file my_file_21.cif (mmCIF, C-alpha atoms and all ligand atoms)
data_target
loop_
_atom_site.label_atom_id
_atom_site.label_comp_id
_atom_site.auth_asym_id
_atom_site.auth_seq_id
_atom_site.Cartn_x
_atom_site.Cartn_y
_atom_site.Cartn_z
CA MET A 721 48.59 128.83 -49.38
CA HIS A 722 48.45 131.98 -47.40
CA TYR A 723 45.10 130.94 -46.01
CA GLU A 724 46.48 127.57 -44.94
CA LEU A 725 49.35 129.25 -43.17
CA SER A 726 47.10 131.54 -41.19
CA THR A 727 44.87 128.61 -40.23
CA MET A 728 47.91 126.75 -39.02
CA ASN A 729 49.01 129.73 -37.03
CA TYR A 730 45.67 129.82 -35.38
CA LYS A 731 45.91 126.17 -34.48
CA ASN A 732 49.52 126.51 -33.42
CA LYS A 733 48.77 128.90 -30.64
CA HIS A 734 50.29 131.93 -32.39
CA ILE A 735 47.19 133.76 -31.48
CA ASN A 736 46.87 136.60 -29.13
CA PRO A 737 45.88 135.52 -25.61
CA ALA A 738 42.70 137.56 -25.54
CA ALA A 739 41.39 135.93 -28.70
CA LYS A 740 42.46 132.55 -27.43
CA GLN A 741 40.46 133.16 -24.31
CA GLN A 742 37.54 134.11 -26.51
CA PHE A 743 37.70 130.83 -28.42
CA SER A 744 38.70 128.56 -25.57
CA ARG A 745 36.20 125.80 -25.10
CA ARG A 746 36.55 126.00 -21.37
CA ARG A 747 36.09 129.72 -20.95
CA LYS A 748 33.33 130.45 -18.48
CA LEU A 749 30.25 131.57 -20.33
CA THR A 750 27.57 133.88 -19.07
CA VAL A 751 23.95 132.77 -18.93
CA GLU A 752 23.23 134.96 -21.97
CA GLU A 753 26.08 133.36 -23.92
CA TYR A 754 24.78 129.91 -23.05
CA VAL A 755 21.26 130.79 -24.11
CA GLN A 756 22.42 132.43 -27.35
CA GLY A 757 24.63 129.44 -28.14
CA ILE A 758 21.85 126.96 -27.45
CA ARG A 759 19.35 128.95 -29.50
CA ALA A 760 21.86 129.08 -32.35
CA GLY A 761 22.05 125.27 -32.27
CA ASN A 762 25.65 125.15 -31.04
CA ARG A 763 26.11 121.56 -29.88
CA VAL A 764 29.23 122.26 -27.83
CA ILE A 765 27.45 124.94 -25.84
CA LEU A 766 24.35 122.78 -25.47
CA SER A 767 26.54 120.00 -24.17
CA ARG A 768 28.25 122.30 -21.69
CA ALA A 769 24.90 123.59 -20.46
CA ILE A 770 23.74 120.02 -19.83
CA THR A 771 26.96 119.43 -17.91
CA LEU A 772 25.96 122.37 -15.70
CA ILE A 773 22.58 120.72 -15.11
CA GLU A 774 24.36 117.55 -14.09
CA SER A 775 26.80 119.28 -11.77
CA THR A 776 26.30 119.17 -8.02
CA ARG A 777 28.01 122.54 -7.46
CA THR A 778 25.71 125.24 -6.13
CA ASP A 779 26.99 127.94 -8.52
CA HIS A 780 26.54 125.55 -11.47
CA HIS A 781 23.06 124.72 -10.26
CA GLU A 782 22.09 128.37 -10.11
CA GLN A 783 23.48 129.09 -13.56
CA ALA A 784 21.78 125.99 -14.97
CA GLN A 785 18.43 127.07 -13.54
CA ALA A 786 18.81 130.53 -15.10
CA ILE A 787 19.60 128.94 -18.47
CA ILE A 788 16.61 126.60 -18.23
CA ALA A 789 14.32 129.49 -17.30
CA ALA A 790 15.50 131.47 -20.33
CA CYS A 791 15.12 128.46 -22.62
CA LEU A 792 11.68 127.44 -21.38
CA PRO A 793 9.72 129.87 -23.58
CA HIS A 794 11.48 128.34 -26.60
CA ALA A 795 10.86 124.73 -25.58
CA GLY A 796 7.95 122.38 -26.02
CA ALA A 797 7.75 122.04 -29.78
CA ALA A 798 9.37 118.61 -30.07
CA VAL A 799 7.73 115.25 -30.07
CA ARG A 800 9.17 113.45 -27.08
CA VAL A 801 9.47 109.70 -27.48
CA GLY A 802 10.48 107.20 -24.80
CA VAL A 803 12.17 104.01 -25.99
CA THR A 804 12.49 101.05 -23.65
CA GLY A 805 13.35 97.38 -23.84
CA THR A 806 15.64 94.88 -22.20
CA PRO A 807 19.37 95.05 -22.91
CA GLY A 808 20.09 93.36 -26.23
CA VAL A 809 16.64 93.99 -27.73
CA GLY A 810 18.25 96.44 -30.15
CA LYS A 811 17.54 99.88 -28.70
CA SER A 812 20.70 101.55 -29.92
CA THR A 813 20.44 99.89 -33.33
CA PHE A 814 16.83 101.05 -33.51
CA ILE A 815 17.72 104.60 -32.50
CA GLU A 816 20.39 104.66 -35.22
CA ALA A 817 17.79 103.53 -37.75
CA ILE A 818 15.00 105.89 -36.74
CA GLY A 819 17.54 108.69 -36.25
CA LYS A 820 18.65 108.29 -39.85
CA HIS A 821 15.06 108.13 -41.02
CA VAL A 822 13.94 111.31 -39.29
CA THR A 823 17.06 113.31 -40.11
CA ASP A 824 16.74 112.26 -43.77
CA ALA A 825 13.19 113.65 -43.54
CA GLY A 826 14.58 117.00 -42.38
CA HIS A 827 14.15 116.68 -38.63
CA ARG A 828 16.73 117.23 -35.94
CA ILE A 829 16.95 114.57 -33.25
CA ALA A 830 18.27 114.62 -29.69
CA VAL A 831 18.88 111.33 -27.91
CA LEU A 832 19.01 111.34 -24.13
CA ALA A 833 19.08 108.43 -21.74
CA ILE A 834 18.12 107.40 -18.26
CA ASP A 835 20.12 104.52 -16.97
CA PRO A 836 19.30 103.36 -13.45
CA THR A 837 22.32 101.09 -13.51
CA SER A 838 24.72 103.92 -14.31
CA GLN A 839 25.77 104.19 -10.71
CA VAL A 840 27.14 100.67 -10.81
CA THR A 841 28.36 100.43 -14.37
CA ARG A 842 29.26 104.10 -14.81
CA GLY A 843 26.66 104.51 -17.47
CA SER A 844 26.04 101.56 -19.71
CA ILE A 845 23.48 103.36 -21.83
CA LEU A 846 25.04 105.57 -24.45
CA GLY A 847 28.24 105.59 -22.46
CA ASP A 848 29.97 103.37 -24.94
CA LYS A 849 31.24 105.46 -27.84
CA THR A 850 30.72 102.64 -30.32
CA ARG A 851 26.97 102.73 -29.80
CA MET A 852 25.14 104.77 -32.42
CA ALA A 853 28.41 105.56 -34.16
CA MET A 854 26.65 106.72 -37.32
CA LEU A 855 24.13 108.95 -35.60
CA ALA A 856 26.89 110.44 -33.48
CA THR A 857 28.50 111.90 -36.60
CA ASN A 858 25.23 113.19 -38.03
CA GLU A 859 25.16 116.96 -37.72
CA ASN A 860 21.40 116.94 -37.18
CA ALA A 861 21.69 114.62 -34.21
CA PHE A 862 22.71 115.25 -30.64
CA ILE A 863 23.50 112.28 -28.39
CA ARG A 864 23.97 112.54 -24.67
CA PRO A 865 24.77 109.66 -22.29
CA SER A 866 22.78 109.07 -19.14
CA PRO A 867 23.82 111.37 -16.29
CA ALA A 868 25.29 109.68 -13.25
CA GLY A 869 23.50 110.17 -9.99
CA ASP A 870 22.69 108.53 -6.74
CA SER A 871 18.95 108.46 -7.17
CA LEU A 872 16.72 107.70 -10.10
CA GLY A 873 14.71 110.83 -9.24
CA GLY A 874 17.81 112.99 -9.53
CA VAL A 875 18.91 111.42 -12.79
CA ALA A 876 15.42 111.68 -14.26
CA ARG A 877 15.11 115.32 -13.29
CA LYS A 878 18.38 116.14 -15.03
CA THR A 879 17.18 114.42 -18.18
CA ARG A 880 13.90 116.29 -18.05
CA GLU A 881 15.77 119.58 -17.79
CA ALA A 882 18.04 118.55 -20.66
CA ILE A 883 14.92 118.07 -22.82
CA VAL A 884 14.10 121.77 -22.37
CA LEU A 885 17.54 122.80 -23.58
CA CYS A 886 17.47 120.42 -26.55
CA GLU A 887 14.11 121.77 -27.63
CA ALA A 888 15.30 125.35 -27.29
CA ALA A 889 18.23 124.33 -29.51
CA GLY A 890 15.76 123.37 -32.21
CA TYR A 891 15.67 119.60 -31.90
CA ASP A 892 12.14 118.68 -32.91
CA VAL A 893 12.42 114.99 -32.06
CA VAL A 894 13.65 114.02 -28.61
CA LEU A 895 14.23 110.35 -27.81
CA VAL A 896 14.69 109.26 -24.22
CA GLU A 897 16.12 105.78 -23.96
CA THR A 898 15.97 103.56 -20.92
CA VAL A 899 16.65 99.93 -20.09
CA GLY A 900 13.71 97.83 -19.02
CA VAL A 901 14.80 97.42 -15.46
CA GLY A 902 13.88 99.11 -12.21
CA GLN A 903 11.54 102.05 -12.13
CA SER A 904 13.15 104.01 -14.92
CA GLU A 905 10.31 103.37 -17.38
CA THR A 906 7.91 105.15 -15.08
CA ALA A 907 10.26 108.12 -14.90
CA VAL A 908 10.64 108.20 -18.67
CA HIS A 909 6.92 107.73 -19.20
CA SER A 910 6.31 110.84 -17.11
CA MET A 911 8.42 113.02 -19.41
CA VAL A 912 7.50 111.84 -22.90
CA ASP A 913 4.49 112.13 -25.19
CA PHE A 914 4.84 108.70 -26.73
CA PHE A 915 6.16 105.52 -25.18
CA LEU A 916 7.62 102.80 -27.40
CA LEU A 917 8.29 99.33 -26.09
CA LEU A 918 10.72 97.17 -28.05
CA LEU A 919 10.37 93.40 -27.69
CA LEU A 920 12.22 90.39 -28.95
CA PRO A 921 10.67 87.75 -31.19
CA GLY A 922 9.59 84.58 -29.44
CA ALA A 923 6.36 85.27 -27.62
CA GLY A 924 4.50 83.15 -25.12
CA ASP A 925 6.86 82.83 -22.23
CA GLU A 926 8.22 86.29 -22.81
CA LEU A 927 4.88 87.88 -22.26
CA GLN A 928 5.21 86.88 -18.66
CA GLY A 929 8.73 88.21 -18.45
CA ILE A 930 7.61 91.73 -19.22
CA LYS A 931 6.32 93.74 -16.35
CA ARG A 932 2.61 94.31 -16.76
CA GLY A 933 2.94 97.99 -16.00
CA ILE A 934 5.30 98.55 -18.92
CA VAL A 935 2.97 97.02 -21.47
CA GLU A 936 0.18 99.22 -20.12
CA MET A 937 2.32 102.31 -20.61
CA ALA A 938 3.20 101.52 -24.23
CA ASP A 939 1.66 103.56 -27.04
CA LEU A 940 3.30 101.23 -29.52
CA ILE A 941 4.91 97.83 -29.23
CA ALA A 942 7.50 96.87 -31.84
CA VAL A 943 8.87 93.36 -32.12
CA ASN A 944 12.42 93.97 -33.29
CA LYS A 945 14.77 91.61 -35.14
CA ALA A 946 12.02 90.65 -37.58
CA ASP A 947 14.55 89.45 -40.14
CA LYS A 948 16.33 86.35 -41.38
CA ASP A 949 15.46 83.22 -39.40
CA LYS A 950 13.57 85.26 -36.78
CA LEU A 951 11.04 86.74 -39.20
CA LYS A 952 8.32 84.10 -38.71
CA LEU A 953 8.83 84.10 -34.96
CA ALA A 954 8.51 87.87 -34.88
CA GLN A 955 5.28 87.82 -36.87
CA GLN A 956 3.87 85.20 -34.54
CA ALA A 957 4.95 87.25 -31.53
CA ARG A 958 3.22 90.26 -33.03
CA ARG A 959 -0.09 88.39 -33.27
CA GLU A 960 0.20 87.12 -29.72
CA TYR A 961 0.99 90.52 -28.26
CA LYS A 962 -1.86 92.02 -30.25
CA ASN A 963 -4.28 89.52 -28.72
CA ALA A 964 -2.81 90.08 -25.29
CA LEU A 965 -3.30 93.84 -25.58
CA HIS A 966 -7.07 93.33 -25.73
CA LEU A 967 -6.90 92.25 -22.11
CA TYR A 968 -5.68 95.66 -21.01
CA PRO A 969 -8.04 98.46 -20.07
CA PRO A 970 -8.43 101.27 -22.63
CA LYS A 971 -5.87 104.05 -22.32
CA LEU A 972 -6.78 107.45 -20.89
CA SER A 973 -5.66 109.01 -24.16
CA GLY A 974 -8.19 106.92 -26.09
CA TRP A 975 -5.31 105.71 -28.26
CA THR A 976 -5.21 102.06 -29.29
CA PRO A 977 -1.61 100.88 -29.29
CA GLU A 978 -0.47 98.99 -32.36
CA VAL A 979 1.85 96.01 -32.35
CA MET A 980 4.32 96.14 -35.23
CA THR A 981 7.39 94.26 -36.35
CA CYS A 982 10.65 95.88 -37.40
CA SER A 983 14.25 95.14 -38.13
CA ALA A 984 16.46 97.88 -36.81
CA LEU A 985 19.37 96.16 -38.50
CA GLU A 986 17.82 96.05 -41.96
CA GLY A 987 15.78 99.21 -41.56
CA THR A 988 12.39 97.62 -42.19
CA GLY A 989 9.32 98.77 -40.29
CA ILE A 990 11.00 102.01 -39.23
CA THR A 991 8.93 104.18 -41.58
CA GLU A 992 5.73 102.63 -40.22
CA ILE A 993 6.80 103.28 -36.62
CA TRP A 994 7.59 106.92 -37.35
CA THR A 995 4.25 107.31 -39.17
CA ASN A 996 2.47 105.84 -36.15
CA ILE A 997 4.18 108.36 -33.87
CA GLN A 998 3.08 111.20 -36.12
CA GLN A 999 -0.48 109.88 -36.27
CA TYR A 1000 -0.48 109.76 -32.50
CA LYS A 1001 0.67 113.36 -32.31
CA THR A 1002 -2.04 114.56 -34.68
CA ALA A 1003 -4.78 112.62 -32.90
CA MET A 1004 -3.69 113.71 -29.43
CA GLN A 1005 -3.36 117.34 -30.44
CA GLN A 1006 -6.85 117.24 -31.87
CA SER A 1007 -8.26 115.77 -28.67
CA ASP A 1008 -6.22 118.08 -26.40
CA PHE A 1009 -4.74 115.07 -24.63
CA TRP A 1010 -1.31 116.24 -25.80
CA THR A 1011 -1.52 119.45 -23.77
CA ILE A 1012 -3.36 117.95 -20.82
CA ASN A 1013 -0.78 115.18 -20.53
CA ARG A 1014 2.09 117.67 -20.59
CA GLN A 1015 0.39 119.76 -17.92
CA GLN A 1016 -0.03 116.68 -15.74
CA GLN A 1017 3.60 115.79 -16.28
CA ALA A 1018 4.74 119.28 -15.31
CA LYS A 1019 2.71 119.04 -12.09
CA PHE A 1020 4.11 115.59 -11.40
CA TRP A 1021 7.66 116.97 -11.70
CA LEU A 1022 6.82 119.88 -9.43
CA TYR A 1023 5.84 117.48 -6.65
CA GLU A 1024 8.74 115.14 -7.40
CA SER A 1025 11.16 118.07 -7.12
CA ILE A 1026 9.64 119.24 -3.84
CA LYS A 1027 9.93 115.74 -2.40
CA ASN A 1028 13.45 115.36 -3.72
CA ASP A 1029 14.65 118.75 -2.47
CA LEU A 1030 13.02 118.31 0.93
CA SER A 1031 14.55 114.91 1.35
CA ASN A 1032 17.99 116.16 0.28
CA SER A 1033 17.98 119.12 2.61
CA PHE A 1034 16.70 116.95 5.45
CA PHE A 1035 19.41 114.29 5.13
CA THR A 1036 22.21 116.80 4.63
CA HIS A 1037 21.08 118.99 7.56
CA LYS A 1038 23.84 119.22 10.18
CA LYS A 1039 21.64 118.56 13.22
CA ILE A 1040 19.86 115.67 11.53
CA LYS A 1041 23.14 114.05 10.55
CA GLU A 1042 24.26 114.25 14.20
CA LYS A 1043 21.05 112.81 15.59
CA LEU A 1044 19.92 110.30 12.96
CA SER A 1045 22.10 107.35 13.90
CA ASN A 1046 21.02 107.56 17.58
CA VAL A 1047 17.36 107.66 16.63
CA GLU A 1048 17.92 104.80 14.21
CA ALA A 1049 19.55 102.70 16.94
CA ASP A 1050 16.72 103.45 19.39
CA VAL A 1051 14.14 102.50 16.79
CA ALA A 1052 15.96 99.27 15.98
CA ALA A 1053 16.23 98.43 19.68
CA GLY A 1054 12.50 99.00 20.12
CA LYS A 1055 13.05 101.87 22.56
CA LEU A 1056 11.40 104.35 20.23
CA SER A 1057 8.64 103.88 17.67
CA PRO A 1058 9.63 104.66 14.07
CA PHE A 1059 6.83 107.25 13.89
CA LYS A 1060 7.87 109.02 17.06
CA GLY A 1061 11.49 108.91 15.89
CA ALA A 1062 10.54 110.50 12.57
CA GLU A 1063 8.45 113.12 14.35
CA GLU A 1064 11.33 114.09 16.64
CA LEU A 1065 13.69 114.45 13.70
CA MET A 1066 11.16 116.50 11.76
CA LYS A 1067 10.74 118.83 14.74
CA LEU A 1068 14.49 119.20 14.96
CA PHE A 1069 14.71 119.89 11.23
CA PHE A 1070 12.03 122.55 11.26
CA SER A 1071 13.05 124.15 14.57
CA GLY A 1072 14.17 127.66 13.79
CA LYS A 1073 13.38 127.20 10.09
CA MET A 1074 9.90 128.60 10.30
CA SER A 1075 7.39 129.58 12.93
CA ARG A 1076 4.29 127.50 12.75
P1 LIG B 1101 20.45 97.39 -26.84
O1 LIG B 1101 21.24 96.76 -25.73
O2 LIG B 1101 18.99 97.25 -26.60
O3 LIG B 1101 20.85 98.79 -27.14
O4 LIG B 1101 20.74 96.50 -28.15
P2 LIG B 1101 21.76 96.76 -29.36
O5 LIG B 1101 21.20 97.77 -30.30
O6 LIG B 1101 23.11 96.98 -28.81
O7 LIG B 1101 21.67 95.35 -30.12
C1 LIG B 1101 22.04 94.14 -29.50
C2 LIG B 1101 22.43 93.14 -30.58
O8 LIG B 1101 21.30 92.83 -31.39
C3 LIG B 1101 23.50 93.66 -31.51
O9 LIG B 1101 24.37 92.61 -31.83
C4 LIG B 1101 22.72 94.11 -32.74
O10 LIG B 1101 23.47 94.02 -33.93
C5 LIG B 1101 21.58 93.11 -32.76
N1 LIG B 1101 20.37 93.66 -33.40
C6 LIG B 1101 19.80 94.85 -33.12
N2 LIG B 1101 18.72 95.04 -33.92
C7 LIG B 1101 18.63 93.95 -34.69
C8 LIG B 1101 17.73 93.54 -35.74
O11 LIG B 1101 16.78 94.23 -36.11
N3 LIG B 1101 17.95 92.31 -36.29
C9 LIG B 1101 18.97 91.50 -35.92
N4 LIG B 1101 19.10 90.33 -36.52
N5 LIG B 1101 19.85 91.84 -34.96
C10 LIG B 1101 19.68 93.05 -34.36
#
call {"tool": "encode", "arguments": {"input": "my_file_21.cif", "output": "structure tokens"}}
result
Amino acid sequence: MHYELSTMNYKNKHINPAAKQQFSRRRKLTVEEYVQGIRAGNRVILSRAITLIESTRTDHHEQAQAIIAACLPHAGAAVRVGVTGTPGVGKSTFIEAIGKHVTDAGHRIAVLAIDPTSQVTRGSILGDKTRMAMLATNENAFIRPSPAGDSLGGVARKTREAIVLCEAAGYDVVLVETVGVGQSETAVHSMVDFFLLLLLPGAGDELQGIKRGIVEMADLIAVNKADKDKLKLAQQARREYKNALHLYPPKLSGWTPEVMTCSALEGTGITEIWTNIQQYKTAMQQSDFWTINRQQQAKFWLYESIKNDLSNSFFTHKKIKEKLSNVEADVAAGKLSPFKGAEELMKLFFSGKMSR
């Protein structure tokens, strides 16, 4: 009784202001507090740190970079899996199913997303609270919607940085979900170890509907909804995709992608998919491809960031903003060549920035 009363008091604000400040969710944390919280697996603090990554404020950016730098030595241990497929194929249902499977097996899973349509729809992937409702309440799972952003590069970079924090927080399985539209698969592919393509039953025509590049990226293809009246169709689709895969050149990794069937709804085929991912990890670690691939990815992101940062500082530069529309008009009117126009703007941008 006494205990209940004191708990109520705590909740009812009869708490001294200093302590309240201490417990307040919105109190500004130091970099050390963020890092300690993340390392202790505190999901609220992890979430707040990812919000810093997503922020456009300079002070937030600086703090986020300090947190990432401190977390980096503790990152890298997870298996990073990309999951793609057209809307409706069953990605969120699948992630629920595999999330349950891996957490039951003692793993901790973080689910992140890259949604190139988020600018228009304000985040369709993972934005809807009803998606993955079960996994969302699982204490060994962390789910984060796709960050909003004006460029895919920016959004992808934020997700890549979030991976570092999730790994430092002890999540040993990181899923990055994306819809099969635009260039987002390429971005996801460049930040994961294993790329899973989900397809619908009903092959033939569909094979042509899938972008060739995506099939080439896949380390595993799973035909989902292999249940009820779709079971036969799914099995047939599996055979057709398997034959079609022979037409693709061998992968750099030396890995031969499997084509499997699964039912995310009924939970069949999920164990086999997870086993396949683990087999991949073992094989790639033995061959060193695992490390080499991650090194290549890190270099890729270095160059992407340079390009992104240069482009941002160029287009937000005061003098460039003043001059750009005139140059654009001259180029459109044929008075100035696009190359000369670009050269003039570059000179203006670099004038006074550095002596060459
Ligand atoms: P997403 O848009 O790719 O995330 O797809 P959802 O997971 O939201 O699934 C779209 C619809 O397909 C929902 O109505 C699901 O219940 C259904 N669905 C997903 N997986 C399966 C499955 O394995 N079998 C069947 N029959 N339906 C499924």
call {"tool": "residues_near_ligand", "arguments": {"input": "my_file_21.cif", "ligand": "ligand LIG 1101 (chain B)", "cutoff": "12 Å", "atoms": "only C-alpha atoms and all ligand atoms", "output": "PyMOL selection string"}}
result
chain A and resi 803-818+833+835+844-853+897-901+917-921+942-951+954+981-990
call {"tool": "residues_around", "arguments": {"input": "my_file_21.cif", "residues": "Leu832 in chain A", "least_positions_apart": "6", "cutoff": "10 Å", "atoms": "only C-alpha atoms", "output": "PyMOL selection string"}}
result
chain A and resi 802+845-846+862-867+879-880+882-883+886+894-898
call {"tool": "closest_residue", "arguments": {"input": "my_file_21.cif", "among": "A:Ser1045, A:Asn963, A:Ser973, A:Gln785", "to": "Lys1001 in chain A", "atoms": "all atoms listed in the file"}}
result
A:Ser973
call {"tool": "atom_distance", "arguments": {"input": "my_file_21.cif", "atom1": "CA of Gln998 in chain A", "atom2": "CA of Pro977 in chain A"}}
result
13.2 Å
call {"tool": "atom_distance", "arguments": {"input": "my_file_21.cif", "atom1": "CA of Ser1025 in chain A", "atom2": "CA of Gly873 in chain A"}}
result
8.3 Å
